[in-house]
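S.K.: The following file, entry-v2.txt, comprises compact mmCIF, C-alpha atoms:
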# COMPACT_ATOMS: atom_id res chain seq x y z
CA MET A 92 71.12 -84.34 117.07
CA TRP A 93 70.62 -80.91 118.69
CA SER A 94 67.55 -80.24 116.58
CA TRP A 95 66.18 -83.53 117.93
CA VAL A 96 66.87 -82.45 121.53
CA ALA A 97 65.32 -79.02 120.88
CA HIS A 98 62.26 -80.68 119.29
CA ARG A 99 61.71 -82.75 122.45
CA ILE A 100 62.27 -79.85 124.86
CA THR A 101 59.97 -77.46 122.95
CA GLY A 102 57.38 -80.25 122.60
CA VAL A 103 57.23 -80.89 126.36
CA LEU A 104 57.15 -77.15 127.07
CA ILE A 105 54.25 -76.59 124.67
CA PHE A 106 52.38 -79.60 126.12
CA PHE A 107 52.54 -78.29 129.69
CA PHE A 108 51.49 -74.84 128.52
CA LEU A 109 48.54 -76.43 126.69
CA LEU A 110 47.30 -78.09 129.90
CA VAL A 111 47.36 -74.75 131.76
CA HIS A 112 45.91 -72.90 128.76
CA VAL A 113 42.82 -75.16 128.57
CA LEU A 114 42.30 -74.81 132.34
CA ASP A 115 42.49 -71.00 132.36
CA THR A 116 40.31 -70.68 129.24
CA SER A 117 37.75 -72.94 130.96
CA LEU A 118 37.14 -70.10 133.42
CA VAL A 119 34.90 -68.48 130.77
CA ARG A 120 32.41 -71.16 131.86
CA VAL A 121 32.60 -69.96 135.48
CA SER A 122 31.98 -66.24 134.97
CA PRO A 123 33.26 -63.28 132.91
CA GLU A 124 34.77 -61.87 136.13
CA ALA A 125 36.69 -65.06 136.96
CA TYR A 126 38.16 -65.26 133.44
CA ASN A 127 39.09 -61.56 133.26
CA ASP A 128 40.70 -61.69 136.72
CA VAL A 129 43.02 -64.55 135.81
CA ILE A 130 43.82 -63.23 132.32
CA GLY A 131 44.47 -59.84 133.97
CA THR A 132 47.24 -61.37 136.10
CA TYR A 133 48.86 -62.57 132.84
CA LYS A 134 49.01 -59.05 131.41
CA ASN A 135 52.42 -57.97 132.70
CA PRO A 136 55.88 -57.79 131.12
CA ILE A 137 57.13 -61.06 132.64
CA MET A 138 54.23 -63.09 131.22
CA GLY A 139 54.53 -61.08 127.99
CA LEU A 140 58.11 -62.27 127.59
CA GLY A 141 57.00 -65.79 128.54
CA GLU A 142 54.44 -65.67 125.72
CA ALA A 143 57.19 -64.57 123.32
CA GLY A 144 59.24 -67.60 124.44
CA LEU A 145 56.23 -69.88 124.01
CA VAL A 146 55.62 -68.62 120.47
CA ALA A 147 59.32 -69.11 119.70
CA ALA A 148 59.07 -72.71 120.93
CA ILE A 149 55.94 -73.33 118.82
CA VAL A 150 57.47 -71.77 115.68
CA PHE A 151 60.63 -73.86 115.97
CA HIS A 152 58.68 -77.06 116.72
CA ALA A 153 56.38 -76.41 113.75
CA PHE A 154 59.10 -75.72 111.17
CA ASN A 155 61.39 -78.46 112.44
CA GLY A 156 58.39 -80.82 112.37
CA ILE A 157 57.93 -80.08 108.66
CA ARG A 158 61.65 -80.82 108.23
CA ILE A 159 61.21 -84.20 109.98
CA ILE A 160 58.29 -85.00 107.65
CA LEU A 161 60.42 -84.11 104.60
CA VAL A 162 63.32 -86.26 105.86
CA ASP A 163 60.87 -89.18 106.31
CA PHE A 164 58.81 -88.90 103.13
CA TRP A 165 60.81 -86.92 100.56
CA ALA A 166 63.29 -89.10 98.67
CA LYS A 167 66.00 -86.43 98.88
CA GLY A 168 65.05 -85.47 102.45
CA PRO A 169 67.90 -87.28 104.25
CA LYS A 170 70.43 -85.80 101.81
CA TYR A 171 69.25 -82.25 102.45
CA GLN A 172 68.47 -82.59 106.17
CA ARG A 173 71.31 -80.26 107.18
CA VAL A 174 70.41 -77.65 104.57
CA MET A 175 66.80 -77.89 105.72
CA LEU A 176 67.89 -77.21 109.32
CA TRP A 177 69.29 -73.87 108.13
CA VAL A 178 66.04 -73.23 106.26
CA VAL A 179 64.21 -73.90 109.56
CA VAL A 180 66.51 -71.44 111.36
CA GLY A 181 65.97 -68.86 108.59
CA LEU A 182 62.16 -69.22 108.63
CA PHE A 183 62.26 -69.06 112.43
CA VAL A 184 64.18 -65.77 112.37
CA VAL A 185 61.86 -64.26 109.74
CA THR A 186 58.70 -65.33 111.59
CA MET A 187 59.94 -64.07 114.95
CA ALA A 188 61.09 -60.80 113.35
CA GLY A 189 57.51 -60.34 112.17
CA PHE A 190 55.92 -61.39 115.46
CA LEU A 191 58.16 -59.97 118.20
CA PRO A 192 57.96 -56.20 117.53
CA ARG A 193 54.17 -56.34 117.30
CA HIS A 194 53.74 -58.54 120.38
CA LEU A 195 56.23 -56.54 122.48
CA MET A 196 54.39 -53.37 121.42
CA HIS A 197 51.15 -54.89 122.76
CA VAL A 198 52.88 -55.96 125.98
CA PHE A 199 54.95 -52.84 126.69
CA GLY A 200 52.99 -50.23 124.73
CA GLY A 201 50.28 -49.91 127.38
CA GLU A 202 46.61 -49.54 126.60
CA MET B 269 71.78 -135.54 122.53
CA THR B 270 68.81 -133.54 121.35
CA THR B 271 67.63 -134.09 117.85
CA ILE B 272 65.79 -131.30 116.12
CA PRO B 273 63.06 -132.55 113.79
CA ALA B 274 63.01 -130.87 110.42
CA PRO B 275 65.46 -128.11 111.42
CA ASN B 276 64.90 -126.07 108.27
CA THR B 277 61.14 -125.81 108.53
CA PRO B 278 60.12 -122.16 108.23
CA VAL B 279 58.47 -120.77 111.34
CA VAL B 280 54.72 -120.66 110.98
CA ARG B 281 54.22 -117.61 113.16
CA PRO B 282 56.70 -114.72 113.17
CA SER B 283 58.82 -114.68 116.31
CA ARG B 284 58.29 -110.94 116.56
CA ARG B 285 55.60 -110.00 119.04
CA THR B 286 52.69 -108.87 116.92
CA SER B 287 49.91 -108.65 119.47
CA ARG B 288 49.98 -104.84 119.28
CA GLY B 289 49.59 -104.92 115.52
CA ASN B 290 50.58 -101.77 113.70
CA TRP B 291 49.65 -99.47 116.59
CA GLU B 292 53.06 -97.77 116.76
CA LEU B 293 53.06 -97.26 112.97
CA TYR B 294 49.67 -95.55 113.12
CA GLY B 295 50.99 -93.38 115.95
CA TRP B 296 54.02 -92.43 113.85
CA VAL B 297 51.82 -91.51 110.88
CA PHE B 298 49.42 -89.61 113.15
CA MET B 299 52.22 -87.44 114.56
CA ARG B 300 53.12 -86.29 111.04
CA ALA B 301 49.57 -85.87 109.72
CA SER B 302 48.30 -84.05 112.83
CA GLY B 303 51.49 -81.97 112.90
CA VAL B 304 50.74 -80.45 109.50
CA VAL B 305 47.13 -79.68 110.45
CA LEU B 306 48.22 -78.26 113.83
CA LEU B 307 50.69 -75.94 112.13
CA VAL B 308 47.81 -74.32 110.22
CA LEU B 309 45.40 -74.32 113.19
CA ILE B 310 47.90 -72.96 115.73
CA PHE B 311 49.50 -70.34 113.45
CA GLY B 312 45.96 -69.12 112.65
CA HIS B 313 45.10 -69.13 116.38
CA LEU B 314 48.25 -67.17 117.26
CA PHE B 315 47.72 -64.67 114.45
CA VAL B 316 44.10 -63.92 115.33
CA ASN B 317 44.71 -63.77 119.11
CA LEU B 318 48.19 -62.21 119.37
CA VAL B 319 48.93 -60.29 116.16
CA ALA B 320 45.66 -59.00 114.66
CA GLY B 321 43.87 -56.08 116.31
CA ASP B 322 45.28 -55.17 119.72
CA GLY B 323 46.86 -58.59 120.25
CA ILE B 324 47.20 -60.02 123.74
CA SER B 325 46.08 -56.80 125.43
CA ALA B 326 42.62 -57.17 123.87
CA ILE B 327 41.97 -60.65 125.24
CA ASP B 328 39.16 -60.82 127.77
CA PHE B 329 35.79 -62.57 128.22
CA GLY B 330 34.22 -60.43 125.49
CA PHE B 331 36.92 -61.48 123.01
CA VAL B 332 36.54 -65.22 123.70
CA ALA B 333 32.73 -64.97 123.73
CA GLY B 334 32.79 -63.10 120.42
CA LYS B 335 34.82 -65.91 118.84
CA TRP B 336 32.85 -68.82 120.27
CA ALA B 337 29.54 -67.30 119.23
CA SER B 338 30.57 -68.57 115.80
CA PRO B 339 30.53 -72.31 114.96
CA PHE B 340 33.62 -71.68 112.81
CA TRP B 341 35.84 -70.91 115.81
CA GLN B 342 34.12 -73.57 117.94
CA ILE B 343 35.08 -76.24 115.41
CA TRP B 344 38.55 -74.68 114.92
CA ASP B 345 39.26 -74.74 118.65
CA LEU B 346 37.72 -78.20 119.14
CA LEU B 347 39.93 -79.66 116.39
CA MET B 348 42.95 -77.87 117.81
CA LEU B 349 42.19 -79.16 121.32
CA TRP B 350 41.80 -82.80 120.29
CA LEU B 351 44.67 -82.94 117.80
CA ALA B 352 47.10 -81.04 120.04
CA MET B 353 46.23 -83.15 123.09
CA ILE B 354 46.61 -86.47 121.24
CA HIS B 355 49.80 -85.25 119.50
CA GLY B 356 51.26 -83.91 122.76
CA THR B 357 50.23 -86.92 124.86
CA ASN B 358 51.75 -89.33 122.35
CA GLY B 359 54.95 -87.25 122.28
CA VAL B 360 55.27 -87.22 126.07
CA ARG B 361 54.48 -90.97 126.12
CA THR B 362 57.45 -91.52 123.81
CA ILE B 363 59.67 -89.45 126.08
CA ILE B 364 58.51 -91.38 129.17
CA ASN B 365 59.29 -94.66 127.38
CA ASP B 366 62.76 -93.36 126.49
CA TYR B 367 63.88 -91.99 129.82
CA ALA B 368 61.89 -93.67 132.63
CA GLU B 369 63.68 -96.98 133.05
CA ARG B 370 61.87 -98.49 136.04
CA ASP B 371 58.54 -100.18 135.31
CA GLY B 372 56.89 -98.52 138.30
CA THR B 373 58.09 -95.06 137.29
CA ARG B 374 56.85 -95.51 133.74
CA PHE B 375 53.48 -96.74 134.97
CA ALA B 376 53.04 -93.82 137.39
CA LEU B 377 54.07 -91.21 134.81
CA LYS B 378 51.77 -92.65 132.15
CA LEU B 379 48.89 -92.86 134.62
CA ALA B 380 49.39 -89.14 135.36
CA LEU B 381 49.70 -88.37 131.64
CA TYR B 382 46.52 -90.22 130.61
CA THR B 383 44.63 -88.72 133.55
CA ALA B 384 45.68 -85.20 132.48
CA PHE B 385 44.72 -86.03 128.88
CA THR B 386 41.24 -87.20 129.85
CA VAL B 387 40.53 -84.29 132.22
CA VAL B 388 41.73 -81.60 129.79
CA VAL B 389 40.02 -83.03 126.68
CA VAL B 390 36.69 -83.64 128.44
CA LEU B 391 36.77 -80.26 130.21
CA GLY B 392 37.80 -78.35 127.08
CA THR B 393 35.16 -80.05 124.91
CA LEU B 394 32.40 -79.38 127.46
CA VAL B 395 33.43 -75.72 127.78
CA ILE B 396 33.37 -75.16 124.00
CA PHE B 397 29.88 -76.65 123.65
CA THR B 398 28.15 -75.54 126.87
CA PHE B 399 29.56 -72.02 126.80
CA ASP B 400 27.09 -69.10 127.02
CA PRO B 401 28.53 -65.88 125.53
CA CYS B 402 25.84 -63.81 127.30
CA PRO B 403 25.47 -65.23 130.84
CA ALA B 404 22.58 -63.73 132.83
CA ASN B 405 23.38 -61.40 135.75
CA SER B 406 26.74 -60.34 134.32
CA PRO B 407 27.49 -56.64 133.79
CA ALA B 408 27.01 -55.68 130.14
CA SER B 409 30.43 -53.98 130.12
CA LEU B 410 32.14 -57.39 130.38
CA LEU B 411 30.08 -59.04 127.63
CA PRO B 412 30.43 -58.91 123.85
CA SER B 413 28.44 -56.07 122.27
CA PHE B 414 25.89 -58.36 120.57
CA CYS B 415 24.51 -59.47 123.99
CA THR B 416 22.72 -56.18 124.53
CA ALA B 417 21.74 -55.60 120.91
Turn the structure described in the file into structure tokens.
M.R.:
Amino acid sequence: MWSWVAHRITGVLIFFFLLVHVLDTSLVRVSPEAYNDVIGTYKNPIMGLGEAGLVAAIVFHAFNGIRIILVDFWAKGPKYQRVMLWVVVGLFVVTMAGFLPRHLMHVFGGE
Amino acid sequence: MTTIPAPNTPVVRPSRRTSRGNWELYGWVFMRASGVVLLVLIFGHLFVNLVAGDGISAIDFGFVAGKWASPFWQIWDLLMLWLAMIHGTNGVRTIINDYAERDGTRFALKLALYTAFTVVVVLGTLVIFTFDPCPANSPASLLPSFCTA
């Protein structure tokens, strides 16, 4: 139940980010200066933490999505759905443990 | 009193509304198939842009231009754009259907959703294919190194 709620919330979050992300990337078609100016305003600790949150949302949505597929198509999926939720949580923790230190170093480490 | 002729005759056409065919089934399958592909595309995208090299702090025009000079990343990003937008739009459509109870509200939200879909997909596709990594009259310091070579 809660994984279902979290899947919806992260999905909507990622979707709205995607709309903004395509719009800001489209500035490369305007001029190098326009793109660099806007991307430059993103390069601060608050946006850096926002990016960490976005990646967390994507990683959860991705792994839980695989779990949903296994529940739907794997004969033993429904039986192991709860175990698989803990596998999702475990993979999430491992992935974020690999990503966060490196990303936060890029955000807070300066040039 | 009403008499029902041949009361046990099987119905010729199913009473279920079938005019939409298997559309929702295809949507359900698409969410799962595109989800698997998107996992690979987006994890690759995040790794190359945020983890490898200097990560987020290295992203600027030169970085994007360097990637899109290669058809490999053009196709990668095009696939990601289309699959993610269809996957996301279908997901939000489901959520609108679940929570927006008034017909007018649902219509307005879906109109906004499909408008956003069309604008973002058309814009993103045009940018990927009409993009010039070495625009004239731009300072060389902002461009990828191969522009001056």
S.K.: Provide as a list of chain:residue names the residues of chain A at most 8 Å from chain B, counting only C-alpha atoms.
M.R.: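 In the required form, that comes to A:Arg99, A:Gly102, A:Val103, A:Phe106, A:Leu109, A:Leu110, A:Val113, A:Leu114, A:Ser117, A:Val119, A:Arg120, A:Ser122, A:Pro123, A:Glu124, A:Tyr126, A:Asn127, A:Ile130, A:Lys134, A:Ala153, A:Gly156, A:Ile157, A:Ile160, A:Phe190, A:Arg193, A:His194, A:His197, A:Val198, A:Glu202.
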S.K.: Keeping C-alpha atoms, export the residues of the selection given above as a PDB file, in the coordinates of the input.
M.R.:
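This went into selection.pdb:
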ATOM      1  CA  ARG A  99      61.710 -82.750 122.450  1.00  0.00           C
ATOM      2  CA  GLY A 102      57.380 -80.250 122.600  1.00  0.00           C
ATOM      3  CA  VAL A 103      57.230 -80.890 126.360  1.00  0.00           C
ATOM      4  CA  PHE A 106      52.380 -79.600 126.120  1.00  0.00           C
ATOM      5  CA  LEU A 109      48.540 -76.430 126.690  1.00  0.00           C
ATOM      6  CA  LEU A 110      47.300 -78.090 129.900  1.00  0.00           C
ATOM      7  CA  VAL A 113      42.820 -75.160 128.570  1.00  0.00           C
ATOM      8  CA  LEU A 114      42.300 -74.810 132.340  1.00  0.00           C
ATOM      9  CA  SER A 117      37.750 -72.940 130.960  1.00  0.00           C
ATOM     10  CA  VAL A 119      34.900 -68.480 130.770  1.00  0.00           C
ATOM     11  CA  ARG A 120      32.410 -71.160 131.860  1.00  0.00           C
ATOM     12  CA  SER A 122      31.980 -66.240 134.970  1.00  0.00           C
ATOM     13  CA  PRO A 123      33.260 -63.280 132.910  1.00  0.00           C
ATOM     14  CA  GLU A 124      34.770 -61.870 136.130  1.00  0.00           C
ATOM     15  CA  TYR A 126      38.160 -65.260 133.440  1.00  0.00           C
ATOM     16  CA  ASN A 127      39.090 -61.560 133.260  1.00  0.00           C
ATOM     17  CA  ILE A 130      43.820 -63.230 132.320  1.00  0.00           C
ATOM     18  CA  LYS A 134      49.010 -59.050 131.410  1.00  0.00           C
ATOM     19  CA  ALA A 153      56.380 -76.410 113.750  1.00  0.00           C
ATOM     20  CA  GLY A 156      58.390 -80.820 112.370  1.00  0.00           C
ATOM     21  CA  ILE A 157      57.930 -80.080 108.660  1.00  0.00           C
ATOM     22  CA  ILE A 160      58.290 -85.000 107.650  1.00  0.00           C
ATOM     23  CA  PHE A 190      55.920 -61.390 115.460  1.00  0.00           C
ATOM     24  CA  ARG A 193      54.170 -56.340 117.300  1.00  0.00           C
ATOM     25  CA  HIS A 194      53.740 -58.540 120.380  1.00  0.00           C
ATOM     26  CA  HIS A 197      51.150 -54.890 122.760  1.00  0.00           C
ATOM     27  CA  VAL A 198      52.880 -55.960 125.980  1.00  0.00           C
ATOM     28  CA  GLU A 202      46.610 -49.540 126.600  1.00  0.00           C
TER      29      GLU A 202
END
S.K.: Could you work out how far atom CA of A:Arg158 lies from atom CA of A:Val184, giving the answer in Å with one decimal?
M.R.: 15.8 Å
S.K.: Could you please determine the separation between atom CA of A:Ile149 and atom CA of A:Gly181 in Å, to one decimal place?
M.R.: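 Going from atom CA of A:Ile149 over to atom CA of A:Gly181, I get 15.0 Å.
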S.K.: Quick one: residues within 8 Å of A:Ala143, only C-alpha atoms counted, chain neighbours fewer than 3 positions away excluded, as a PDB file with C-alpha atoms, in the frame of the given file?
M.R.:
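Written output follows (out-v5.pdb):
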ATOM      1  CA  GLY A 139      54.530 -61.080 127.990  1.00  0.00           C
ATOM      2  CA  LEU A 140      58.110 -62.270 127.590  1.00  0.00           C
ATOM      3  CA  VAL A 146      55.620 -68.620 120.470  1.00  0.00           C
ATOM      4  CA  ALA A 147      59.320 -69.110 119.700  1.00  0.00           C
ATOM      5  CA  LEU A 191      58.160 -59.970 118.200  1.00  0.00           C
ATOM      6  CA  HIS A 194      53.740 -58.540 120.380  1.00  0.00           C
TER       7      HIS A 194
END
S.K.: For B:Gln342, which of B:Thr270, B:Phe397, B:Thr416, B:Gly295 is the closest residue, counting all atoms listed in the file?
M.R.: B:Phe397
S.K.: Determine the nearest neighbour of A:Leu182 from the options A:Leu195, A:Ile100, A:Val150, A:Ile159, counting all atoms listed in the file.
M.R.: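 Looking only at the distances to A:Leu182, the closest residue turns out to be A:Val150.
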S.K.: Find the residues around A:Leu176 up to 9 Å (all atoms listed in the file counted), leave out those fewer than 3 positions away in its own chain, and share them as a list of chain:residue names.
M.R.: A:Ser94, A:Asn155, A:Arg158, A:Tyr171, A:Gln172, A:Arg173, A:Val179, A:Val180, A:Gly181
S.K.: Which value, in Å to one decimal, gives the distance between atom CA of B:Phe375 and atom CA of A:Phe108?
M.R.: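 Atom CA of A:Phe108 lies 22.9 Å from atom CA of B:Phe375.
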